[in-house]
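Asks: What follows is target_11.txt; its format and atoms are compact mmCIF, C-alpha atoms.
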```
# COMPACT_ATOMS: atom_id res chain seq x y z
CA MET A 293 18.27 -17.66 30.81
CA TYR A 294 19.25 -13.99 30.93
CA LEU A 295 20.97 -14.50 34.27
CA TRP A 296 22.93 -17.35 32.71
CA ILE A 297 23.99 -15.14 29.79
CA TRP A 298 24.83 -12.26 32.12
CA ARG A 299 27.15 -14.48 34.14
CA ARG A 300 28.99 -15.54 31.01
CA LEU A 301 29.56 -12.04 29.68
CA PRO A 302 33.19 -10.98 30.09
CA GLY A 303 34.56 -8.17 32.21
CA ASP A 304 33.13 -6.07 34.99
CA ALA A 305 29.55 -4.87 35.27
CA ARG A 306 30.10 -1.89 32.95
CA THR A 307 31.63 -3.97 30.17
CA LYS A 308 28.88 -6.51 30.63
CA ALA A 309 26.20 -3.85 30.29
CA LEU A 310 27.86 -2.50 27.15
CA VAL A 311 28.17 -5.93 25.54
CA ALA A 312 24.57 -6.74 26.50
CA ALA A 313 23.33 -3.47 24.96
CA LEU A 314 25.27 -4.17 21.75
CA ALA A 315 23.91 -7.72 21.56
CA LEU A 316 20.37 -6.41 22.07
CA ALA A 317 20.83 -3.81 19.32
CA ALA A 318 22.26 -6.45 16.98
CA ALA A 319 19.29 -8.74 17.65
CA GLY A 320 16.87 -5.88 17.03
CA LEU A 321 18.52 -4.90 13.75
CA LEU A 322 18.62 -8.50 12.59
CA LEU A 323 14.89 -8.83 13.26
CA TRP A 324 13.99 -5.49 11.65
CA TYR A 325 16.04 -5.77 8.47
CA VAL A 326 16.27 -9.51 7.86
CA VAL A 327 13.66 -11.55 9.72
CA PHE A 328 10.66 -9.20 9.51
CA PRO A 329 10.92 -8.40 5.77
CA TRP A 330 10.99 -12.16 5.18
CA LEU A 331 8.12 -12.84 7.56
CA GLU A 332 5.87 -9.93 6.60
CA PRO A 333 4.57 -11.20 3.21
CA LYS A 334 3.48 -14.41 4.94
CA THR A 335 1.34 -12.63 7.51
CA GLN A 336 -0.28 -9.86 5.48
CA PHE A 337 -3.33 -8.61 7.34
CA ASP A 338 -4.18 -5.60 5.20
CA HIS A 339 -6.13 -6.75 2.15
CA SER A 340 -7.28 -3.95 -0.10
CA VAL A 341 -8.03 -5.87 -3.29
CA ILE A 342 -11.58 -6.85 -4.04
CA GLY A 343 -12.34 -10.43 -5.07
CA GLY A 344 -10.00 -12.14 -2.63
CA ASP A 345 -6.32 -12.31 -2.12
CA PRO A 346 -4.01 -11.25 -4.88
CA SER A 347 -1.51 -14.00 -5.51
CA PRO A 348 1.94 -13.20 -4.11
CA THR A 349 3.60 -12.84 -7.49
CA ALA A 350 1.26 -12.76 -10.45
CA THR A 351 -1.31 -10.08 -10.96
CA ARG A 352 -4.89 -11.20 -11.07
CA GLY A 353 -6.42 -10.79 -14.47
CA ARG A 354 -9.50 -8.66 -14.33
CA MET B 54 11.86 -26.37 38.94
CA ARG B 55 12.08 -22.68 39.79
CA VAL B 56 14.83 -22.27 37.18
CA ALA B 57 12.64 -23.91 34.54
CA ILE B 58 9.68 -21.66 35.33
CA ARG B 59 11.87 -18.58 35.30
CA GLY B 60 13.33 -19.64 31.94
CA LEU B 61 9.85 -20.13 30.52
CA GLY B 62 8.77 -16.72 31.79
CA GLU B 63 11.79 -15.07 30.25
CA LEU B 64 11.06 -16.77 26.93
CA CYS B 65 7.45 -15.56 27.00
CA VAL B 66 8.49 -11.98 27.76
CA THR B 67 11.04 -12.15 24.95
CA ALA B 68 8.46 -13.49 22.51
CA GLY B 69 6.09 -10.69 23.52
CA LEU B 70 8.72 -8.04 22.92
CA VAL B 71 9.58 -9.53 19.52
CA LEU B 72 5.88 -9.50 18.62
CA ILE B 73 5.55 -5.84 19.62
CA LEU B 74 8.60 -5.03 17.52
CA PHE B 75 7.08 -6.93 14.60
CA PHE B 76 3.89 -4.89 14.71
CA ALA B 77 5.93 -1.72 14.92
CA TYR B 78 7.68 -2.94 11.77
CA GLU B 79 4.34 -3.66 10.07
CA LEU B 80 3.04 -0.19 10.82
CA TRP B 81 6.12 1.96 10.25
CA GLY B 82 8.95 -0.16 8.88
CA THR B 83 7.06 -1.21 5.75
CA GLY B 84 6.47 2.45 4.87
CA ALA B 85 10.18 2.98 4.32
CA TYR B 86 10.11 0.53 1.42
CA THR B 87 7.06 2.21 -0.13
CA ALA B 88 8.57 5.68 0.24
CA GLN B 89 11.74 4.54 -1.51
CA GLN B 90 9.81 2.86 -4.35
CA GLN B 91 7.52 5.88 -4.73
CA ASP B 92 10.50 8.20 -5.11
CA ARG B 93 11.94 5.95 -7.78
CA LEU B 94 8.66 5.55 -9.70
CA ASP B 95 7.86 9.25 -9.41
CA ALA B 96 11.19 10.18 -10.96
CA ALA B 97 10.75 7.57 -13.71
CA LEU B 98 7.20 8.73 -14.47
CA ARG B 99 8.11 12.40 -14.68
CA LYS B 100 11.09 11.58 -16.84
CA SER B 101 8.87 9.61 -19.22
CA TRP B 102 6.52 12.61 -19.42
CA THR B 103 9.26 14.94 -20.58
CA ALA B 104 10.67 12.47 -23.07
CA PRO B 105 9.47 12.91 -26.65
CA LYS B 106 6.76 10.43 -27.42
CA VAL B 107 8.23 7.62 -29.44
CA THR B 108 6.26 4.58 -28.39
CA THR B 109 2.68 3.49 -27.93
CA GLU B 110 3.76 0.62 -25.72
CA LYS B 111 1.43 -0.08 -22.81
CA VAL B 112 2.54 0.54 -19.26
CA SER B 113 3.92 -2.74 -17.97
CA LEU B 114 3.08 -4.30 -14.62
CA GLY B 115 4.87 -2.79 -11.67
CA GLN B 116 5.54 0.50 -13.45
CA GLY B 117 4.06 3.90 -12.66
CA LEU B 118 0.86 4.70 -14.54
CA ALA B 119 -0.35 8.04 -13.21
CA LEU B 120 -0.22 10.36 -10.21
CA ILE B 121 -3.08 10.51 -7.74
CA ARG B 122 -3.76 13.52 -5.54
CA ILE B 123 -6.64 14.00 -3.11
CA PRO B 124 -6.76 17.59 -1.82
CA ARG B 125 -9.06 16.63 1.08
CA LEU B 126 -6.30 14.44 2.50
CA GLY B 127 -3.75 17.25 2.48
CA LYS B 128 -1.74 19.29 0.04
CA LYS B 129 1.12 16.84 0.17
CA TYR B 130 -1.07 13.83 -0.57
CA HIS B 131 0.48 12.47 -3.70
CA TYR B 132 1.19 8.92 -4.87
CA VAL B 133 2.28 7.21 -8.03
CA VAL B 134 -0.37 4.69 -9.13
CA ILE B 135 1.27 1.40 -10.11
CA GLU B 136 -0.01 -0.83 -12.90
CA GLY B 137 -1.08 -4.08 -11.21
CA VAL B 138 -2.57 -5.20 -7.90
CA SER B 139 -0.33 -8.09 -6.89
CA ARG B 140 1.12 -7.95 -3.40
CA ALA B 141 4.44 -6.82 -4.80
CA ASP B 142 2.73 -4.02 -6.73
CA LEU B 143 0.69 -2.79 -3.78
CA ARG B 144 3.77 -2.64 -1.60
CA LYS B 145 5.05 0.10 -3.90
CA GLY B 146 1.87 2.16 -3.79
CA PRO B 147 -1.76 2.21 -4.90
CA GLY B 148 -2.32 -0.15 -7.85
CA HIS B 149 -4.53 0.00 -10.93
CA TYR B 150 -6.52 -3.17 -11.69
CA PRO B 151 -5.23 -4.30 -15.09
CA GLY B 152 -8.05 -4.49 -17.58
CA THR B 153 -10.18 -1.78 -16.02
CA ALA B 154 -10.42 1.61 -17.72
CA LEU B 155 -7.38 3.84 -17.95
CA PRO B 156 -7.44 7.33 -16.40
CA GLY B 157 -10.10 9.44 -18.08
CA GLY B 158 -11.38 6.50 -20.11
CA VAL B 159 -14.96 5.39 -20.54
CA GLY B 160 -15.67 2.74 -17.91
CA ASN B 161 -14.25 2.30 -14.45
CA PHE B 162 -10.70 3.30 -13.45
CA VAL B 163 -10.20 1.04 -10.42
CA VAL B 164 -7.37 1.60 -7.94
CA SER B 165 -6.57 -0.48 -4.88
CA GLY B 166 -4.38 0.67 -2.00
CA HIS B 167 -3.26 -0.30 1.48
CA ARG B 168 -5.24 1.24 4.32
CA THR B 169 -2.55 0.36 6.85
CA THR B 170 1.10 -0.67 6.39
CA TYR B 171 3.27 0.23 3.39
CA SER B 172 2.77 3.99 3.80
CA ALA B 173 -1.01 3.36 3.99
CA PRO B 174 -1.92 5.46 0.93
CA PHE B 175 -5.65 4.94 1.43
CA ASN B 176 -5.60 5.22 5.22
CA ARG B 177 -7.93 8.21 5.28
CA VAL B 178 -10.14 7.67 2.22
CA GLY B 179 -12.97 6.98 4.66
CA GLU B 180 -13.01 10.73 5.33
CA LEU B 181 -13.95 11.55 1.74
CA ARG B 182 -17.38 13.03 1.14
CA SER B 183 -19.45 13.50 -2.01
CA GLY B 184 -18.01 16.28 -4.14
CA ASP B 185 -14.42 15.84 -2.93
CA LYS B 186 -11.94 15.93 -5.77
CA ILE B 187 -9.61 13.13 -6.82
CA LEU B 188 -6.99 14.40 -9.27
CA ILE B 189 -5.32 11.97 -11.66
CA ASP B 190 -2.37 13.21 -13.67
CA THR B 191 -1.07 11.40 -16.72
CA ARG B 192 1.30 12.41 -19.45
CA GLU B 193 -1.60 13.56 -21.59
CA ALA B 194 -3.96 15.27 -19.18
CA GLN B 195 -5.14 16.08 -15.70
CA TYR B 196 -8.41 14.37 -14.88
CA THR B 197 -10.60 15.65 -12.08
CA TYR B 198 -12.95 13.12 -10.56
CA GLU B 199 -15.53 13.95 -7.93
CA VAL B 200 -16.52 11.51 -5.21
CA THR B 201 -20.11 10.35 -5.60
CA GLY B 202 -20.32 7.98 -2.65
CA LEU B 203 -18.73 5.46 -0.30
CA LYS B 204 -19.80 1.92 0.36
CA ILE B 205 -18.62 -0.92 2.57
CA VAL B 206 -18.90 -4.29 0.84
CA LYS B 207 -17.87 -7.90 1.27
CA PRO B 208 -14.42 -8.83 -0.05
CA THR B 209 -16.10 -10.96 -2.73
CA GLU B 210 -18.16 -8.11 -4.20
CA VAL B 211 -16.21 -7.92 -7.48
CA ASP B 212 -19.07 -6.10 -9.20
CA VAL B 213 -17.79 -2.79 -7.82
CA THR B 214 -14.94 -3.05 -10.31
CA ALA B 215 -17.27 -3.59 -13.30
CA PRO B 216 -17.31 -0.88 -16.01
CA VAL B 217 -20.73 0.04 -14.61
CA PRO B 218 -20.41 -0.76 -10.87
CA PHE B 219 -22.92 -3.41 -9.68
CA HIS B 220 -24.02 -4.06 -13.28
CA PRO B 221 -21.43 -6.39 -14.79
CA GLY B 222 -22.04 -6.86 -18.48
CA ARG B 223 -23.71 -3.52 -18.97
CA ARG B 224 -21.91 -1.33 -21.47
CA ALA B 225 -20.23 1.70 -19.92
CA THR B 226 -21.05 5.20 -21.04
CA GLU B 227 -19.71 7.14 -18.07
CA ARG B 228 -16.14 7.78 -16.99
CA LEU B 229 -15.83 6.59 -13.41
CA ILE B 230 -13.18 6.04 -10.74
CA THR B 231 -13.34 3.46 -7.96
CA LEU B 232 -10.94 3.19 -5.02
CA THR B 233 -10.83 -0.03 -3.01
CA THR B 234 -9.16 -0.59 0.34
CA CYS B 235 -9.61 -2.75 3.41
CA HIS B 236 -12.17 -2.15 6.11
CA PRO B 237 -12.12 -1.87 9.04
CA LYS B 238 -8.52 -0.75 9.45
CA TYR B 239 -6.11 -3.62 10.20
CA SER B 240 -8.68 -6.13 9.04
CA ALA B 241 -9.54 -8.14 5.96
CA ALA B 242 -13.20 -8.56 6.87
CA ARG B 243 -14.67 -5.96 4.51
CA ARG B 244 -13.68 -3.57 1.75
CA LEU B 245 -14.24 0.16 1.71
CA ILE B 246 -15.14 1.41 -1.76
CA VAL B 247 -15.06 5.03 -2.92
CA PHE B 248 -16.95 5.87 -6.11
CA GLY B 249 -16.40 8.93 -8.26
CA GLU B 250 -17.06 10.31 -11.71
CA LEU B 251 -15.03 12.40 -14.13
CA THR B 252 -16.00 16.06 -14.08
CA GLU B 253 -13.15 17.77 -15.89
CA THR B 254 -10.31 16.97 -18.27
CA ARG B 255 -7.49 19.39 -18.86
CA PRO B 256 -5.02 18.50 -21.58
CA ARG B 257 -1.42 18.82 -20.54
CA THR B 258 0.68 21.06 -22.73
CA ALA B 259 4.33 20.34 -23.30
CA ALA B 260 5.26 23.31 -21.10
CA ASP B 261 3.54 21.76 -18.08
CA ARG B 262 5.51 18.58 -18.19
```
Would you encode the structure as structure tokens?

Replies:
Amino acid sequence: MYLWIWRRLPGDARTKALVAALALAAAGLLLWYVVFPWLEPKTQFDHSVIGGDPSPTATRGR
Amino acid sequence: MRVAIRGLGELCVTAGLVLILFFAYELWGTGAYTAQQQDRLDAALRKSWTAPKVTTEKVSLGQGLALIRIPRLGKKYHYVVIEGVSRADLRKGPGHYPGTALPGGVGNFVVSGHRTTYSAPFNRVGELRSGDKILIDTREAQYTYEVTGLKIVKPTEVDVTAPVPFHPGRRATERLITLTTCHPKYSAARRLIVFGELTETRPRTAADR
């Protein structure tokens, strides 16, 4: 897969490396700022509230 | 065949790297949001303290209620306690269970906070020992609570939040504080509970605000 992408990158090896690095950074930023904030509330593993899970939006009456 | 296997391997490695990045985000990335919200709420809370008192309106959900400081956890340990314990509230900082006592009030002032992720305000509350001080600042006063004990309970043990912990229905006479967080770290299996009682109340004068 990566070899296939590498072959399709334009230019010589240096340009290819640069484009690949930029693409990697873009993918990382997309994950960090868009995908993970969306995914995180669905996978919460740190539960501090007693009496079960607080609902995602409303506050539990207590 | 070889190409297919190599492709599969590359996909697996990629998935692994994404997963590592995701856990890095859980541990450190989520704190950036909390820090930003804390700054905002801190400024709003302090501003409301200096404003002349014109309303008796209750603190609404998601707003700052008080400041919490725990000297044992460092001089800089300082968070705004949010009103409410929904997920959205707890992402901003430690949250006060609505309906439990207010700071300094008779009954149980119950606060929940993340032990990991989202700045992990209660990460080190397990280090607290009896006699350690928990300082709660509100517009009106500074309340000093002293830790009386720690306990690890099941997540269903709601009686720790009762006005008299473990005795739901009994009428409260004491002024208590209870902190709840997850236990062990990174898990939802148990809850770590810190109990404390009010030992001192200092009224806040206008000059202090």

Asks: Hey, what's within 10 Å of Thr191 of chain B if we count only C-alpha atoms and toss same-chain stuff fewer than 5 positions away? As a list in words, please?

Replies: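 These residues fall inside the cut-off: Leu98, Arg99, Trp102, Gly117, Leu118, Ala119, Leu120, Ile121, Leu155, Pro156, Gly157, Tyr196, Pro256, Arg257 and Arg262 of chain B.
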
Asks: Measure the distance from atom CA of Val134 of chain B to atom CA of Tyr198 of chain B in Å and round it to one decimal.

Replies: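 Distance reported for this atom pair: 15.2 Å.
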
Asks: My list of candidates is B:Asp185, B:Thr214, B:Gln90, B:Leu61. Which is closest to Pro151 of chain B when distances are computed with only C-alpha atoms?

Replies: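 Smallest separation from Pro151 of chain B among the options: B:Thr214.
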
Asks: Choose the residue, out of B:Leu72, B:Cys65, B:Leu114, B:Leu251, that has the smallest atom-to-atom separation from Val327 of chain A; count all atoms listed in the file.

Replies: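 Among the listed residues, B:Leu72 lies closest to Val327 of chain A.
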
Asks: Figure out the distance between atom CA of Gly146 of chain B and atom CA of Ser183 of chain B, please, to one decimal in Å.

Replies: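 Spanning atom CA of Ser183 of chain B to atom CA of Gly146 of chain B is a straight-line distance of 24.2 Å.
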
Asks: Select, from B:Arg228, B:His220, B:Arg59, B:Arg192, the residue with the minimum atom-to-atom distance to chain A, counting all atoms listed in the file.

Replies: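 Between B:Arg228, B:His220, B:Arg59, B:Arg192, the residue approaching chain A most closely is B:Arg59.
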
Asks: List the spatial neighbours of Arg182 of chain B as a list of chain:residue names - criterion: any atom at most 9 Å away, only C-alpha atoms, same-chain residues fewer than 2 positions off excluded.

Replies: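 That gives B:Gly179, B:Glu180, B:Gly184, B:Asp185, B:Val200, B:Thr201, B:Gly202, B:Leu203.
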
Asks: Report, in Å to a single decimal, how far apart atom CA of Lys100 of chain B and atom CA of Thr234 of chain B are.

Replies: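 For atom CA of Thr234 of chain B relative to atom CA of Lys100 of chain B, the distance reads 29.2 Å.
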
Asks: Could you work out an axis-aligned box for segment 302-315 of chain A, taking every atom the file lists and adding 4 Å on each side, and report centre and edge lengths in Å to one decimal, as AutoDock Vina command-line options?

Replies:
```
--center_x 28.9 --center_y -6.4 --center_z 28.4 --size_x 19.2 --size_y 17.1 --size_z 21.7
```

Asks: A:Tyr294, A:Glu332, A:Arg299, A:Gly343: which is nearest Leu316 of chain A, counting only C-alpha atoms?

Replies: A:Tyr294

Asks: When you count all atoms listed in the file, which of these residues is closest to chain B: A:Ile297, A:Ala309, A:Leu322, A:Pro333?

Replies: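 Under the stated criterion, the closest residue is A:Pro333.
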
Asks: Which of these residues is nearest to Leu314 of chain A, using all atoms listed in the file: A:Asp338, A:Leu295, A:Val326, A:Leu301?

Replies: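 That would be A:Leu301, the residue with the smallest distance to Leu314 of chain A.
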
Asks: Counting all atoms listed in the file, which residues come within 12 Å of (11.5, -2.8, 8.7), with the point read in the file's coordinates, and could you list them as a ChimeraX atom specification?

Replies: /A:320-332 /B:74-87,170-171

Asks: Export, as a PDB file, keeping the file's coordinate frame, the selected residues with C-alpha atoms.

Replies:
```pdb
ATOM      1  CA  GLY A 320      16.870  -5.880  17.030  1.00  0.00           C
ATOM      2  CA  LEU A 321      18.520  -4.900  13.750  1.00  0.00           C
ATOM      3  CA  LEU A 322      18.620  -8.500  12.590  1.00  0.00           C
ATOM      4  CA  LEU A 323      14.890  -8.830  13.260  1.00  0.00           C
ATOM      5  CA  TRP A 324      13.990  -5.490  11.650  1.00  0.00           C
ATOM      6  CA  TYR A 325      16.040  -5.770   8.470  1.00  0.00           C
ATOM      7  CA  VAL A 326      16.270  -9.510   7.860  1.00  0.00           C
ATOM      8  CA  VAL A 327      13.660 -11.550   9.720  1.00  0.00           C
ATOM      9  CA  PHE A 328      10.660  -9.200   9.510  1.00  0.00           C
ATOM     10  CA  PRO A 329      10.920  -8.400   5.770  1.00  0.00           C
ATOM     11  CA  TRP A 330      10.990 -12.160   5.180  1.00  0.00           C
ATOM     12  CA  LEU A 331       8.120 -12.840   7.560  1.00  0.00           C
ATOM     13  CA  GLU A 332       5.870  -9.930   6.600  1.00  0.00           C
TER      14      GLU A 332
ATOM     15  CA  LEU B  74       8.600  -5.030  17.520  1.00  0.00           C
ATOM     16  CA  PHE B  75       7.080  -6.930  14.600  1.00  0.00           C
ATOM     17  CA  PHE B  76       3.890  -4.890  14.710  1.00  0.00           C
ATOM     18  CA  ALA B  77       5.930  -1.720  14.920  1.00  0.00           C
ATOM     19  CA  TYR B  78       7.680  -2.940  11.770  1.00  0.00           C
ATOM     20  CA  GLU B  79       4.340  -3.660  10.070  1.00  0.00           C
ATOM     21  CA  LEU B  80       3.040  -0.190  10.820  1.00  0.00           C
ATOM     22  CA  TRP B  81       6.120   1.960  10.250  1.00  0.00           C
ATOM     23  CA  GLY B  82       8.950  -0.160   8.880  1.00  0.00           C
ATOM     24  CA  THR B  83       7.060  -1.210   5.750  1.00  0.00           C
ATOM     25  CA  GLY B  84       6.470   2.450   4.870  1.00  0.00           C
ATOM     26  CA  ALA B  85      10.180   2.980   4.320  1.00  0.00           C
ATOM     27  CA  TYR B  86      10.110   0.530   1.420  1.00  0.00           C
ATOM     28  CA  THR B  87       7.060   2.210  -0.130  1.00  0.00           C
ATOM     29  CA  THR B 170       1.100  -0.670   6.390  1.00  0.00           C
ATOM     30  CA  TYR B 171       3.270   0.230   3.390  1.00  0.00           C
TER      31      TYR B 171
END
```

Asks: Kindly provide, as a count of residues only, the polymer residues lying within 10 Å of (1.4, 10.5, -1.0), counting only C-alpha atoms and using the coordinates exactly as they appear in the file.

Replies: 20

Asks: Please provide as a list in words all residues within 9 Å of Arg224 of chain B, with the sequence filter that same-chain residues fewer than 5 positions apart are discarded (counting only C-alpha atoms).

Replies: Gly160, Pro216 and Val217 of chain B
